[in-house]
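Pasted below: start_30.cif, mmCIF, C-alpha atoms.
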data_run
#
loop_
_atom_site.group_PDB
_atom_site.id
_atom_site.type_symbol
_atom_site.label_atom_id
_atom_site.label_comp_id
_atom_site.auth_asym_id
_atom_site.auth_seq_id
_atom_site.Cartn_x
_atom_site.Cartn_y
_atom_site.Cartn_z
ATOM 1 C CA MET A 1 0.000 0.000 0.000
ATOM 2 C CA ALA A 2 1.407 3.364 -1.005
ATOM 3 C CA GLU A 3 1.426 5.884 1.808
ATOM 4 C CA ASP A 4 0.655 8.971 -0.258
ATOM 5 C CA ASN A 5 -2.955 7.987 -0.884
ATOM 6 C CA THR A 6 -3.601 7.586 2.852
ATOM 7 C CA ILE A 7 -5.453 10.269 4.776
ATOM 8 C CA TYR A 8 -5.108 10.197 8.563
ATOM 9 C CA VAL A 9 -8.287 11.410 10.246
ATOM 10 C CA GLY A 10 -7.736 13.372 13.445
ATOM 11 C CA LYS A 11 -9.293 16.325 15.218
ATOM 12 C CA LYS A 12 -9.758 18.783 12.362
ATOM 13 C CA PRO A 13 -13.294 19.610 11.163
ATOM 14 C CA VAL A 14 -14.735 16.748 9.102
ATOM 15 C CA MET A 15 -14.942 18.879 5.928
ATOM 16 C CA SER A 16 -11.154 19.108 5.741
ATOM 17 C CA TYR A 17 -10.973 15.303 5.420
ATOM 18 C CA VAL A 18 -13.865 15.294 2.929
ATOM 19 C CA LEU A 19 -11.957 17.825 0.823
ATOM 20 C CA ALA A 20 -8.757 15.777 1.053
ATOM 21 C CA VAL A 21 -10.556 12.632 -0.174
ATOM 22 C CA VAL A 22 -12.362 14.407 -3.027
ATOM 23 C CA THR A 23 -9.115 16.112 -4.090
ATOM 24 C CA GLN A 24 -7.244 12.807 -4.256
ATOM 25 C CA PHE A 25 -9.961 11.184 -6.385
ATOM 26 C CA ASN A 26 -10.036 14.245 -8.649
ATOM 27 C CA GLN A 27 -6.277 13.917 -9.139
ATOM 28 C CA GLY A 28 -6.968 10.495 -10.623
ATOM 29 C CA ILE A 29 -5.911 8.351 -7.671
ATOM 30 C CA PRO A 30 -8.082 5.204 -8.005
ATOM 31 C CA GLU A 31 -8.024 4.121 -4.378
ATOM 32 C CA VAL A 32 -7.952 6.369 -1.320
ATOM 33 C CA HIS A 33 -7.297 5.063 2.205
ATOM 34 C CA LEU A 34 -8.647 6.588 5.411
ATOM 35 C CA LYS A 35 -7.163 5.773 8.798
ATOM 36 C CA ALA A 36 -8.392 6.819 12.218
ATOM 37 C CA ARG A 37 -7.887 5.938 15.869
ATOM 38 C CA GLY A 38 -10.064 6.183 18.968
ATOM 39 C CA ARG A 39 -12.699 8.922 18.962
ATOM 40 C CA SER A 40 -11.680 9.990 15.430
ATOM 41 C CA ILE A 41 -13.189 6.765 14.054
ATOM 42 C CA SER A 42 -16.621 8.425 14.048
ATOM 43 C CA THR A 43 -15.176 11.333 12.062
ATOM 44 C CA ALA A 44 -13.725 8.902 9.500
ATOM 45 C CA VAL A 45 -17.155 7.301 9.071
ATOM 46 C CA ASP A 46 -18.755 10.755 8.717
ATOM 47 C CA THR A 47 -16.137 11.564 6.056
ATOM 48 C CA THR A 48 -17.100 8.530 3.931
ATOM 49 C CA GLN A 49 -20.807 9.358 4.208
ATOM 50 C CA ILE A 50 -20.411 13.045 3.284
ATOM 51 C CA VAL A 51 -18.156 12.179 0.318
ATOM 52 C CA LYS A 52 -20.721 9.642 -0.896
ATOM 53 C CA ASN A 53 -23.871 11.693 -0.285
ATOM 54 C CA ARG A 54 -22.643 15.063 -1.545
ATOM 55 C CA PHE A 55 -19.677 14.593 -3.869
ATOM 56 C CA ILE A 56 -19.042 11.106 -5.306
ATOM 57 C CA GLN A 57 -22.276 9.091 -5.481
ATOM 58 C CA THR A 58 -20.458 6.107 -6.933
ATOM 59 C CA LEU A 59 -18.114 5.821 -3.926
ATOM 60 C CA GLN A 60 -17.518 2.231 -2.836
ATOM 61 C CA LEU A 61 -16.128 1.173 0.523
ATOM 62 C CA LYS A 62 -14.009 -1.687 -0.757
ATOM 63 C CA ASP A 63 -12.605 -2.767 2.564
ATOM 64 C CA ILE A 64 -13.120 -1.819 6.211
ATOM 65 C CA LYS A 65 -10.753 -3.158 8.850
ATOM 66 C CA LEU A 66 -10.877 -2.721 12.608
ATOM 67 C CA SER A 67 -7.861 -3.379 14.775
ATOM 68 C CA THR A 68 -6.076 -2.473 17.985
ATOM 69 C CA GLU A 69 -2.893 -0.395 18.095
ATOM 70 C CA GLU A 70 -0.551 -0.081 21.045
ATOM 71 C CA LEU A 71 0.666 3.428 21.731
ATOM 72 C CA LYS A 72 3.258 4.577 24.239
ATOM 73 C CA SER A 73 1.897 7.280 26.524
ATOM 74 C CA ASP A 74 3.972 10.174 27.807
ATOM 75 C CA ASP A 75 4.637 8.333 31.072
ATOM 76 C CA GLY A 76 6.035 5.298 29.214
ATOM 77 C CA THR A 77 3.080 2.943 29.753
ATOM 78 C CA MET A 78 1.410 1.252 26.786
ATOM 79 C CA THR A 79 -2.191 2.049 25.956
ATOM 80 C CA ARG A 80 -4.374 0.182 23.533
ATOM 81 C CA VAL A 81 -6.472 2.144 21.118
ATOM 82 C CA SER A 82 -8.945 0.927 18.506
ATOM 83 C CA SER A 83 -8.212 1.833 14.928
ATOM 84 C CA MET A 84 -10.075 1.718 11.658
ATOM 85 C CA SER A 85 -8.814 1.542 8.109
ATOM 86 C CA ILE A 86 -11.115 2.112 5.121
ATOM 87 C CA VAL A 87 -10.281 1.601 1.440
ATOM 88 C CA MET A 88 -12.416 3.699 -0.916
ATOM 89 C CA THR A 89 -12.775 3.484 -4.683
ATOM 90 C CA LYS A 90 -15.082 5.430 -6.985
ATOM 91 C CA MET B 1 -32.097 -10.536 10.552
ATOM 92 C CA ALA B 2 -33.598 -11.341 13.940
ATOM 93 C CA GLU B 3 -33.748 -8.333 16.224
ATOM 94 C CA ASP B 4 -32.981 -10.139 19.473
ATOM 95 C CA ASN B 5 -29.337 -10.713 18.632
ATOM 96 C CA THR B 6 -28.775 -6.993 17.939
ATOM 97 C CA ILE B 7 -27.063 -4.803 20.519
ATOM 98 C CA TYR B 8 -27.497 -1.066 20.131
ATOM 99 C CA VAL B 9 -24.412 0.816 21.281
ATOM 100 C CA GLY B 10 -25.092 4.144 22.948
ATOM 101 C CA LYS B 11 -23.672 6.173 25.803
ATOM 102 C CA LYS B 12 -23.207 3.544 28.500
ATOM 103 C CA PRO B 13 -19.677 2.517 29.528
ATOM 104 C CA VAL B 14 -18.088 0.294 26.875
ATOM 105 C CA MET B 15 -17.865 -2.690 29.251
ATOM 106 C CA SER B 16 -21.656 -2.981 29.403
ATOM 107 C CA TYR B 17 -21.710 -3.617 25.627
ATOM 108 C CA VAL B 18 -18.760 -6.008 25.897
ATOM 109 C CA LEU B 19 -20.677 -7.961 28.549
ATOM 110 C CA ALA B 20 -23.822 -7.985 26.395
ATOM 111 C CA VAL B 21 -21.898 -9.412 23.404
ATOM 112 C CA VAL B 22 -20.071 -12.060 25.451
ATOM 113 C CA THR B 23 -23.341 -13.072 27.157
ATOM 114 C CA GLN B 24 -25.104 -13.553 23.817
ATOM 115 C CA PHE B 25 -22.294 -15.727 22.451
ATOM 116 C CA ASN B 26 -22.249 -17.744 25.696
ATOM 117 C CA GLN B 27 -25.984 -18.357 25.287
ATOM 118 C CA GLY B 28 -25.137 -20.098 22.035
ATOM 119 C CA ILE B 29 -26.217 -17.356 19.631
ATOM 120 C CA PRO B 30 -23.948 -17.890 16.589
ATOM 121 C CA GLU B 31 -24.065 -14.350 15.205
ATOM 122 C CA VAL B 32 -24.287 -11.120 17.198
ATOM 123 C CA HIS B 33 -24.991 -7.744 15.583
ATOM 124 C CA LEU B 34 -23.786 -4.392 16.880
ATOM 125 C CA LYS B 35 -25.327 -1.126 15.751
ATOM 126 C CA ALA B 36 -24.215 2.403 16.542
ATOM 127 C CA ARG B 37 -24.794 5.947 15.359
ATOM 128 C CA GLY B 38 -22.715 9.116 15.401
ATOM 129 C CA ARG B 39 -20.162 9.413 18.218
ATOM 130 C CA SER B 40 -21.102 5.958 19.540
ATOM 131 C CA ILE B 41 -19.475 4.372 16.475
ATOM 132 C CA SER B 42 -16.081 4.583 18.224
ATOM 133 C CA THR B 43 -17.569 2.804 21.250
ATOM 134 C CA ALA B 44 -18.876 0.011 18.989
ATOM 135 C CA VAL B 45 -15.386 -0.443 17.523
ATOM 136 C CA ASP B 46 -13.889 -0.471 21.041
ATOM 137 C CA THR B 47 -16.460 -3.130 21.984
ATOM 138 C CA THR B 48 -15.344 -5.466 19.168
ATOM 139 C CA GLN B 49 -11.679 -5.014 20.075
ATOM 140 C CA ILE B 50 -12.162 -5.645 23.808
ATOM 141 C CA VAL B 51 -14.306 -8.733 23.122
ATOM 142 C CA LYS B 52 -11.635 -10.074 20.767
ATOM 143 C CA ASN B 53 -8.573 -9.209 22.845
ATOM 144 C CA ARG B 54 -9.871 -10.228 26.263
ATOM 145 C CA PHE B 55 -12.749 -12.680 25.896
ATOM 146 C CA ILE B 56 -13.241 -14.412 22.540
ATOM 147 C CA GLN B 57 -9.950 -14.646 20.646
ATOM 148 C CA THR B 58 -11.631 -16.400 17.726
ATOM 149 C CA LEU B 59 -14.042 -13.483 17.142
ATOM 150 C CA GLN B 60 -14.565 -12.727 13.458
ATOM 151 C CA LEU B 61 -16.006 -9.495 12.098
ATOM 152 C CA LYS B 62 -18.002 -11.064 9.296
ATOM 153 C CA ASP B 63 -19.477 -7.873 7.905
ATOM 154 C CA ILE B 64 -19.078 -4.159 8.568
ATOM 155 C CA LYS B 65 -21.471 -1.700 6.948
ATOM 156 C CA LEU B 66 -21.471 2.078 7.085
ATOM 157 C CA SER B 67 -24.521 4.099 6.162
ATOM 158 C CA THR B 68 -26.415 7.320 6.754
ATOM 159 C CA GLU B 69 -29.662 7.505 8.711
ATOM 160 C CA GLU B 70 -32.094 10.388 8.733
ATOM 161 C CA LEU B 71 -33.430 11.296 12.152
ATOM 162 C CA LYS B 72 -36.130 13.781 13.015
ATOM 163 C CA SER B 73 -34.920 16.327 15.569
ATOM 164 C CA ASP B 74 -37.143 17.734 18.310
ATOM 165 C CA ASP B 75 -37.867 20.822 16.195
ATOM 166 C CA GLY B 76 -39.099 18.681 13.289
ATOM 167 C CA THR B 77 -36.111 19.149 10.981
ATOM 168 C CA MET B 78 -34.285 16.136 9.546
ATOM 169 C CA THR B 79 -30.684 15.507 10.509
ATOM 170 C CA ARG B 80 -28.362 13.019 8.908
ATOM 171 C CA VAL B 81 -26.249 10.829 11.100
ATOM 172 C CA SER B 82 -23.668 8.197 10.186
ATOM 173 C CA SER B 83 -24.340 4.691 11.345
ATOM 174 C CA MET B 84 -22.379 1.466 11.559
ATOM 175 C CA SER B 85 -23.530 -2.112 11.634
ATOM 176 C CA ILE B 86 -21.171 -4.968 12.522
ATOM 177 C CA VAL B 87 -21.884 -8.696 12.283
ATOM 178 C CA MET B 88 -19.759 -10.812 14.625
ATOM 179 C CA THR B 89 -19.286 -14.577 14.736
ATOM 180 C CA LYS B 90 -16.975 -16.638 16.901
#
Could you write out this file's structure as structure tokens?
Amino acid sequence: MAEDNTIYVGKKPVMSYVLAVVTQFNQGIPEVHLKARGRSISTAVDTTQIVKNRFIQTLQLKDIKLSTEELKSDDGTMTRVSSMSIVMTK
Amino acid sequence: MAEDNTIYVGKKPVMSYVLAVVTQFNQGIPEVHLKARGRSISTAVDTTQIVKNRFIQTLQLKDIKLSTEELKSDDGTMTRVSSMSIVMTK
């Protein structure tokens, strides 16, 4: 998987991720990946729905994977966080 | 799809949904469905990961669907909300 077609969803407003996805498809990239962790998972799902309902009606969610990532906190302990990865094609 | 094997994820602590899923599987139900809307989508994903990592290592996420639901607000206007539906087997 190439890294340059991957959009990491975080705490920005959802429309900035929608714009990023639509821009990548408009540049001719056939497959765009969305990744999110923890609370941002809901934002990633919102992103797919807004892209599909308002911009690219033919959007397909080709693959959706859920997993657990281990992150090191500031105090050195490990925390587990859920993550989601979505592959979109149009 | 039978409705009695569907768990609706909302604003309770995540462990109450984990317990509900594990209980259903222990009762011999072969397929448990999780549904969530909006911000609760992250909690649904957390539920699947905790069930898999701590209770049922063989858990399979057989199907994950994302969609948009229209809800009527208190003032009568329609709002769109993202929703997620997950089918789990063990």
Sort by chain and increasing residue number a table of all residues of chain B within 6 Å of chain A, each with its closest pair of atoms and their distance in Å to one decimal, counting only C-alpha atoms, and write it as CSV.
residue,atom,partner,partner_atom,distance
B:Arg39,CA,A:Ser42,CA,5.6
B:Ile41,CA,A:Ser42,CA,5.5
B:Ser42,CA,A:Ile41,CA,5.5
B:Asp46,CA,A:Ser82,CA,5.7
B:Ser82,CA,A:Asp46,CA,5.7
Residues in the PyMOL selection byres ((chain B and resi 25) around 12), expressed as a list in words: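 Answer for the PyMOL selection byres ((chain B and resi 25) around 12): Asn5, Thr6, Val18, Leu19, Ala20, Val21, Val22, Thr23, Gln24, Asn26, Gln27, Gly28, Ile29, Pro30, Glu31, Val32, His33, Val51, Phe55, Ile56, Thr58, Leu59, Met88, Thr89 and Lys90 of chain B.
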Computed interatomic separation between atom CA of Met78 of chain A and atom CA of Arg54 of chain B (Å):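 Answer for the atom CA of Met78 of chain A to atom CA of Arg54 of chain B separation: 16.1 Å.
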Between atom CA of Tyr8 of chain B and atom CA of Lys35 of chain B, distance in Å (one decimal): 4.9 Å
Coordinates-based distance that separates atom CA of Ala36 of chain A from atom CA of Val87 of chain A (Å, one decimal):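 Separating atom CA of Val87 of chain A from atom CA of Ala36 of chain A is a distance of 12.1 Å.
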